[in-house]
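*Asks:* This is the structure I have questions about; it appears just below.
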Amino acid sequence: MRVSVSWLREYVDLPADLPTGDLEQALVDLGIEVESVVDLAESVTGQLVVGEVREIEELTGFKKPIRFCRVDVGAANGTGEPQEIVCGARNFAPGDRVVVILPGGVLPGGFAIGARKTYGHNSAGMICSAKELGLGDDHSGIIVLGSDVTAKPGDDARPVVGLDDVVLDLEITPDRGYALSLRGLARELSHAFDVPLRDPALAPAPVGTETPAYPVEVRDTVGCDRFTARLVRGVDPTAPTPSWMAQRLVTAGIRSISLPVDITNYVMLELGQPMHAFDADRIAGPLVVRRAEAGEKLTTLDGVNRVLTADDMVICDDSGPISLAAVMGGETSEVVAGTTTVLFEAAHWDPAMVGRTARRHKLFSEAAKRWERGVDPAVALVALERAVRLLTEHGGGTPGAEILDIDHVRPRTPISLPADLPTRRVGVEYPPARVVALLERVGCTVAQGADRLSEDPGVVGVASGVGTVLSVTPPTWRPDLTDPADLVEEVVRLDGYDKVPSVLPTAPPGRGLTPRQRRRRAVANSLAERGYVEVLAHPFVSPELADQLGLPADDPRRPAVRLANPLSEEEPLLRTTLLGPLLGILKRNLGRGHRDLALYEIGAVFHPRVGAGSPPAMGVDRRPTDEEFAAADAVVPAQPVHVAVVLTGDIDPAGWWGPGRPAGWADAIEAARDVLAAAGIPDERVEVRAAEYAPWHPGRCAELRVDGSVVGHAGELHPLVVAALELPRRTCAMELNLDALPPTPVRPAPTVSGFPPALIDVALVLDDSVPAEQVRRALEAGAGELLEDVRLFDVYSGAQLGEGRRSLAYKLTFRAPDRTLTVEEAVAARDAAVAVAAERLGATLRGA
């Protein structure tokens with residue numbers, strides 16, 4: 001939120017000589033993040049003056065319209081003669097007053113202004129637009145000063161356009177919606193500097209009348225618990241927005257549109273109450289506030305035809321929806337150039353409903369931003385009166401005597417707060433009287449529980465001593481105050497976070513990592529060392545993902561946890577496999593020009609507990625009991641940690657050394673082996689078998705077992721899955737359940753032999769249905785302790801071997817720890833290995 005300090009000073013008596021650094025620090029101490037503090041007076045250097053256009057000569061023969069202007073700048077140029085300036089804007093005429101920067105000046109961004117010859121004419125200076133002065137994004141035309149501006153040619157233009165001000169750019173957290181207004185910020189600064197506050201919401205306002213201003217029916221009093229409205233007739237449709245109002249709107253980042261619309265935006269910034277202005281002559285019949293019917297359509301002010309859902313709130317007339325309530329109005333009832341009858345509406349909407357609607361339609365308007373953070377329901381009539389007065393003052397018209405006020409707002413529920421709770425929670429002494437004073441400064445009404453009244457007649461409102469209980473009713477503009485913990489936070493915040501001592505916890509002995517954390521780091525480091533790039537995906541997926549991955553109807557990965565308030569209605573589910581979001585990231589990188597990719601992610605997946613029911617309600621006033629924790633844990637989804645990799649393109653790059661090698665299913669399996677090795681699982685406990693498991697190709701999928709239990713799968717993705725997700729052919733993937741792995745065993749240090757090895761190659765012929773992994777295990781079992789390593793280096797199949805037969809060639813490494821092996825010992829070990837392979841798998845030694 002952007003706001004000028006001069007506007008703030010209308011509501012709070014800030015010190016006249018307040019340094020900007022002190023103002024920024026005060027806001028930070030109050031918990032309001034300051035993005036920037038800009039002194040506009042320093043943003044433009046040199047002579048920035050008011051000028052009056054005397055003559056305009058239209059230049060022809062150029063690709064775009066160019067005008068040669070003579071502008072009266074008084075004595076600012078030292079000669080008193082009109083300044084010659086070439087300008088491309090066309091929104092001004094002779095007699096208009098404009099803003100001119102003379103040669104030697106510098107605009108924001110370091111843009112220096114000089115005198116030069118351009119388009120065949122001398123041009124000395126520039127006629128400025130709002131964007132060039134850093135006052136907004138409007139670059140469609142230059143600034144034309146209104147008739148209410150009294151400045152003469154040659155006068156300093158900084159006060160005229162607001163460049164003598166300081167602008168705050170603030171980031172307001174979601175729980176502090178009241179601070180998205182001048183009223184809220186002024187209240188906070190009054191606390192910081194202990195100065196008086198002039199709350200604009202305390203201005204007198206007439207109440208609702210028996211006869212409504214316009215016939216309105218509210219059918220959903222939960223989605224809209226207050227609706228107020230008032231008519232203004234006979235408005236001058238040509239009345240301009242006063243320059244001071246337009247200037248403040250531009251500073252806040254809001255484009256000036258028309259007087260009625262600008263007034264609603266101005267009141268929203270001032271009081272925090274979003275409003276809407278209807279053209280009453282364009283409304284057909286009474287208004288109805290209701291939930292939309294699924295499939296209804298509405299064209300909003302941005303020109304988009306939107307399809308509504310049953311969760312949206314709409315304002316309707318006889319023609320159907322005319323406004324997407326609390327988010328954006330519709331085209332059919334908007335204020336237009338000829339509007340003379342304006343119906344102002346100020347309502348109070350359900351924040352959760354507004355937040356879901358804004359996200360569903362991707363309409364994050366200034367109004368929706370405030371509604372989903374909470375708006376004061378008590379300020380509607382004040383905002384209505386403020387808007388009506390501004391419109392009649394600057395646009396003429398007659399306000400209607402009838403005022404509509406449909407009020408179903410429920411009063412705030414008092415919160416019981418032990419007076420010593422802030423002291424006990426924070427460790428700083430907060431006397432009960434101090435607690436009461438701080439809460440009352442927030443706007444709370446503080447009373448004392450009837451059973452704890454002090455017997456001392458000199459104590460008012462709170463008893464002295466331990467055990468005092470306060471009954472605190474939060475103000476209407478603080479919907480975030482719902483629990484004692486919220487009140488404790490307010491006490492600490494206003495008393496000063498700097499008074500809370502910083503006590504560092506004692507570091508635990510040792511490395512400080514659990515075995516699970518060490519395993520996760522080892523796996524991540526192992527994959528990164530092998531060239532995989534780690535990514536972090538959002539754990540949210542669409543309901544269609546299970547079908548895209550080809551998961552069977554009875555697959556345990558199909559049931560998913562649905563979020564109560566998803567960030568996007570398109571992805572309301574939590575992932576049950578890492579592959580969906582990971583493949584989405586792969587697709588995004590492919591779309592940005594990358595071709596050879598090897599990505600990995602380590603993260604949790606979520607499996608719902610079927611029939612677990614609802615968790616118990618647990619407050620924040622005490623620590624839950626062990627039984628409550630157990631009941632809550634029984635409902636929480638199972639969240640095992642998985643690791644997954646995806647590969648596409650070349651895994652070995654091509655270059656002058658030769659062609660590259662594309663990634664294949666074997667690389668995905670090797671990645672799984674690397675993960676298991678990094679996790680501390682001995683290779684002899686790992687088994688790789690052929691399997692059929694979605695979303696992998698049925699003939700190029702392997703399951704990985706540890707001690708006989710399946711822990712993951714790897715291989716090439718199914719062609720239908722690749723086509724559904726628009727990925728390259730032969731894309732490969734692997735996914736393992738790290739939590740399914742047994743604990744890392746304690747392994748003795750390996751014995752390193754200094755004796756030379758004996759190297760023997762063997763080629764075995766057997767059925768091509770026999771997995772190479774089983775052959776390797778058979779060779780290891782037969783060779784005995786002398787075998788140090790066995791590695792497959794060649795696979796061959798041909799007509800001479802026979803149909804359905806293939807040859808697997810292995811390199812066998814034999815070594816003894818205490819001697820040099822003889823040829824006879826090595827050959828005997830080789831023959832024993834081949835014998836076991838022949839016995840178990842029917843293998844024969846090739847060439848024998």
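Residues are named by chain letter and number: chains run A, B, ... in the order of the structure tokens, numbers start at 1 in each chain, and ligands are numbered from 1 in the order shown.
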Please identify all polymer residues within 9 Å of Val5 of chain A, counting only C-alpha atoms, omitting same-chain residues fewer than 4 positions from it, and present them as a VMD selection string.

*Replies:* chain A and resid 9 165 to 168

*Asks:* Keeping only N, CA, C and O atoms, take the residues you just selected and write them out as a compact mmCIF listing (two decimals), in the first residue's frame.

*Replies:*
# COMPACT_ATOMS: atom_id res chain seq x y z
N ARG A 9 -1.20 13.07 8.02
CA ARG A 9 -1.19 14.15 9.01
C ARG A 9 -2.59 14.75 9.21
O ARG A 9 -2.81 15.45 10.20
N ASP A 165 5.99 15.92 -1.00
CA ASP A 165 5.48 14.99 0.01
C ASP A 165 6.45 13.83 0.21
O ASP A 165 7.41 13.66 -0.55
N VAL A 166 6.18 13.03 1.25
CA VAL A 166 6.89 11.78 1.50
C VAL A 166 5.90 10.65 1.33
O VAL A 166 4.80 10.69 1.87
N VAL A 167 6.28 9.64 0.54
CA VAL A 167 5.39 8.51 0.24
C VAL A 167 5.92 7.25 0.89
O VAL A 167 7.11 6.92 0.75
N LEU A 168 5.03 6.57 1.62
CA LEU A 168 5.37 5.30 2.25
C LEU A 168 4.84 4.16 1.40
O LEU A 168 3.68 4.17 0.99

*Asks:* Within 10 Å of Glu687 of chain A, counting only C-alpha atoms, which residues qualify if same-chain residues fewer than 4 places away don't, as a list of chain:residue names?

*Replies:* A:Arg673, A:Asp683, A:Ala702, A:Glu703, A:Leu704, A:Arg705, A:Val706, A:Asp707, A:Gly708, A:Ser709, A:Val710, A:Glu773, A:Gln774, A:Arg777

*Asks:* Selection from above, C-alpha atoms, as an mmCIF file, in the first residue's frame, can you write it?

*Replies:*
data_model
loop_
_atom_site.group_PDB
_atom_site.id
_atom_site.type_symbol
_atom_site.label_atom_id
_atom_site.label_comp_id
_atom_site.auth_asym_id
_atom_site.auth_seq_id
_atom_site.Cartn_x
_atom_site.Cartn_y
_atom_site.Cartn_z
ATOM 1 C CA ARG A 673 20.671 -47.605 -6.675
ATOM 2 C CA ASP A 683 23.999 -53.581 -2.113
ATOM 3 C CA ALA A 702 11.696 -52.056 -12.421
ATOM 4 C CA GLU A 703 10.690 -52.349 -8.809
ATOM 5 C CA LEU A 704 13.328 -51.945 -6.145
ATOM 6 C CA ARG A 705 13.194 -54.169 -3.086
ATOM 7 C CA VAL A 706 15.088 -53.933 0.171
ATOM 8 C CA ASP A 707 15.003 -57.105 2.272
ATOM 9 C CA GLY A 708 12.182 -58.317 0.050
ATOM 10 C CA SER A 709 9.931 -55.237 0.511
ATOM 11 C CA VAL A 710 9.149 -52.924 -2.400
ATOM 12 C CA GLU A 773 20.224 -58.869 -11.595
ATOM 13 C CA GLN A 774 19.494 -62.548 -10.880
ATOM 14 C CA ARG A 777 23.451 -62.595 -7.616
#

*Asks:* Can you list every residue in segment 49-281 of chain A that DSSP puts in helix (DSSP H, G or I), as a ChimeraX atom specification?

*Replies:* /A:158-161,177-179,182-193,200-202,243-251,259-271,280-281

*Asks:* Any idea what's packed within 8 Å of Gly396 of chain A, counting only C-alpha atoms, ignoring anything in its chain fewer than 6 positions away? Could you give it as an mmCIF file with C-alpha atoms, in the first residue's frame?

*Replies:*
data_model
loop_
_atom_site.group_PDB
_atom_site.id
_atom_site.type_symbol
_atom_site.label_atom_id
_atom_site.label_comp_id
_atom_site.auth_asym_id
_atom_site.auth_seq_id
_atom_site.Cartn_x
_atom_site.Cartn_y
_atom_site.Cartn_z
ATOM 1 C CA GLY A 234 -28.908 15.247 -10.678
ATOM 2 C CA VAL A 235 -25.140 14.727 -10.714
ATOM 3 C CA ASP A 236 -23.169 16.734 -13.274
#

*Asks:* Please provide as an MDAnalysis selection string all residues within 6 Å of Ala714 of chain A, with the sequence filter that same-chain residues fewer than 5 positions apart are discarded (counting only C-alpha atoms).

*Replies:* chainID A and resid 668:669 701:702 733:734

*Asks:* Using all heavy atoms, can you export the residues from the last selection as a CSV table (one decimal), in the first residue's frame?

*Replies:*
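Output file result-v2.csv is given in full below:
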chain,number,residue,atom,x,y,z
A,668,ALA,N,17.6,-44.3,-14.8
A,668,ALA,CA,16.7,-44.1,-13.7
A,668,ALA,C,16.9,-45.2,-12.7
A,668,ALA,O,16.8,-44.9,-11.5
A,668,ALA,CB,15.2,-44.1,-14.2
A,669,ILE,N,17.1,-46.4,-13.1
A,669,ILE,CA,17.4,-47.5,-12.1
A,669,ILE,C,18.7,-47.2,-11.4
A,669,ILE,O,18.8,-47.4,-10.2
A,669,ILE,CB,17.4,-48.8,-12.8
A,669,ILE,CG1,16.0,-49.1,-13.4
A,669,ILE,CG2,17.8,-49.9,-11.9
A,669,ILE,CD1,15.9,-50.4,-14.3
A,701,CYS,N,10.0,-51.1,-16.8
A,701,CYS,CA,9.8,-50.7,-15.4
A,701,CYS,C,10.4,-51.7,-14.5
A,701,CYS,O,10.3,-52.9,-14.7
A,701,CYS,CB,8.3,-50.5,-15.1
A,701,CYS,SG,7.9,-50.2,-13.3
A,702,ALA,N,11.1,-51.2,-13.4
A,702,ALA,CA,11.7,-52.1,-12.4
A,702,ALA,C,11.2,-51.6,-11.0
A,702,ALA,O,11.0,-50.5,-10.8
A,702,ALA,CB,13.2,-52.0,-12.5
A,733,ALA,N,11.9,-41.8,-15.2
A,733,ALA,CA,11.6,-41.3,-13.8
A,733,ALA,C,11.9,-42.4,-12.8
A,733,ALA,O,11.9,-43.6,-13.1
A,733,ALA,CB,10.2,-40.8,-13.7
A,734,MET,N,12.1,-42.0,-11.6
A,734,MET,CA,12.3,-42.9,-10.5
A,734,MET,C,11.7,-42.3,-9.2
A,734,MET,O,11.7,-41.1,-9.1
A,734,MET,CB,13.8,-43.1,-10.2
A,734,MET,CG,14.1,-44.0,-9.0
A,734,MET,SD,14.1,-43.0,-7.4
A,734,MET,CE,15.6,-42.1,-7.6

*Asks:* Pick the closest to Gly330 of chain A from A:Trp371, A:Phe278, A:Tyr810, A:Phe68: which is it, counting only C-alpha atoms?

*Replies:* A:Phe278

*Asks:* Can you tell me, as an MDAnalysis selection string, which residues in segment 530-646 of chain A count as strand (DSSP E) by DSSP?

*Replies:* chainID A and resid 533:534 540:541 573:574 597:604 641:646

*Asks:* Might you pull out every residue within 6 Å of Trp665 of chain A, with only C-alpha atoms counted and same-chain residues fewer than 6 positions away left off, and present them as a VMD selection string?

*Replies:* chain A and resid 715 to 716 732

*Asks:* Using N, CA, C and O atoms, can you write the selected residues to a file as a PDB file, in the first residue's frame?

*Replies:*
ATOM      1  N   GLY A 715      12.221 -46.424 -14.183  1.00  0.00           N
ATOM      2  CA  GLY A 715      12.180 -46.854 -15.564  1.00  0.00           C
ATOM      3  C   GLY A 715      11.692 -45.767 -16.486  1.00  0.00           C
ATOM      4  O   GLY A 715      11.736 -44.570 -16.165  1.00  0.00           O
ATOM      5  N   GLU A 716      11.201 -46.183 -17.651  1.00  0.00           N
ATOM      6  CA  GLU A 716      10.708 -45.259 -18.662  1.00  0.00           C
ATOM      7  C   GLU A 716       9.206 -45.062 -18.491  1.00  0.00           C
ATOM      8  O   GLU A 716       8.466 -46.025 -18.236  1.00  0.00           O
ATOM      9  N   CYS A 732      12.167 -40.583 -18.592  1.00  0.00           N
ATOM     10  CA  CYS A 732      12.341 -41.596 -17.547  1.00  0.00           C
ATOM     11  C   CYS A 732      12.181 -40.970 -16.163  1.00  0.00           C
ATOM     12  O   CYS A 732      12.362 -39.760 -15.992  1.00  0.00           O
TER      13      CYS A 732
END
